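Participant: The structure's right below; bear with me while I get my questions together.
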Amino acid sequence: MKVNGKEVIIKESQTIYEYLKANNYNLERIVIELNGEIVSKDKYNTVNLKDTDVMEVLTFLGGG
């Protein structure tokens with residue numbers, strides 16, 4: 001699958017949540033776009049990733 005434009009290998013039946021935790025993402029500061037659609041945080045544990053998926057991890061940055 002592709003994550004932020006890069007090819008990555010995922011485990012079979014890996015959820016969005018499992019991928020994010022395994023790759024040390026701060027779940028409080030991100031939004032996931034999967035195949036062009038925003039995924040609500042309450043679905044991260046139920047949506048399984050596939051080899052053909054395209055995921056963008058959008059990070060919020062603080063500052064001013």
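Chain lettering (A, B, ...) mirrors the order of the structure tokens, residue numbering begins at 1 for each chain separately, and ligand numbering begins at 1 in order of display.
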Select from chain A everything DSSP, run on the backbone, classes as strand (DSSP E), then give the selection as a PyMOL selection string.
Facilitator: chain A and resi 2-3+6-7+30-34+37-39+54-59
Participant: What's around region 54-59 of chain A at 12 Å? Count only C-alpha atoms, leave out sequence neighbours fewer than 3 positions away in its own chain, and write the answer as a PyMOL selection string.
Facilitator: chain A and resi 1-8+10+16-17+19-20+23+25-39+48-51+62
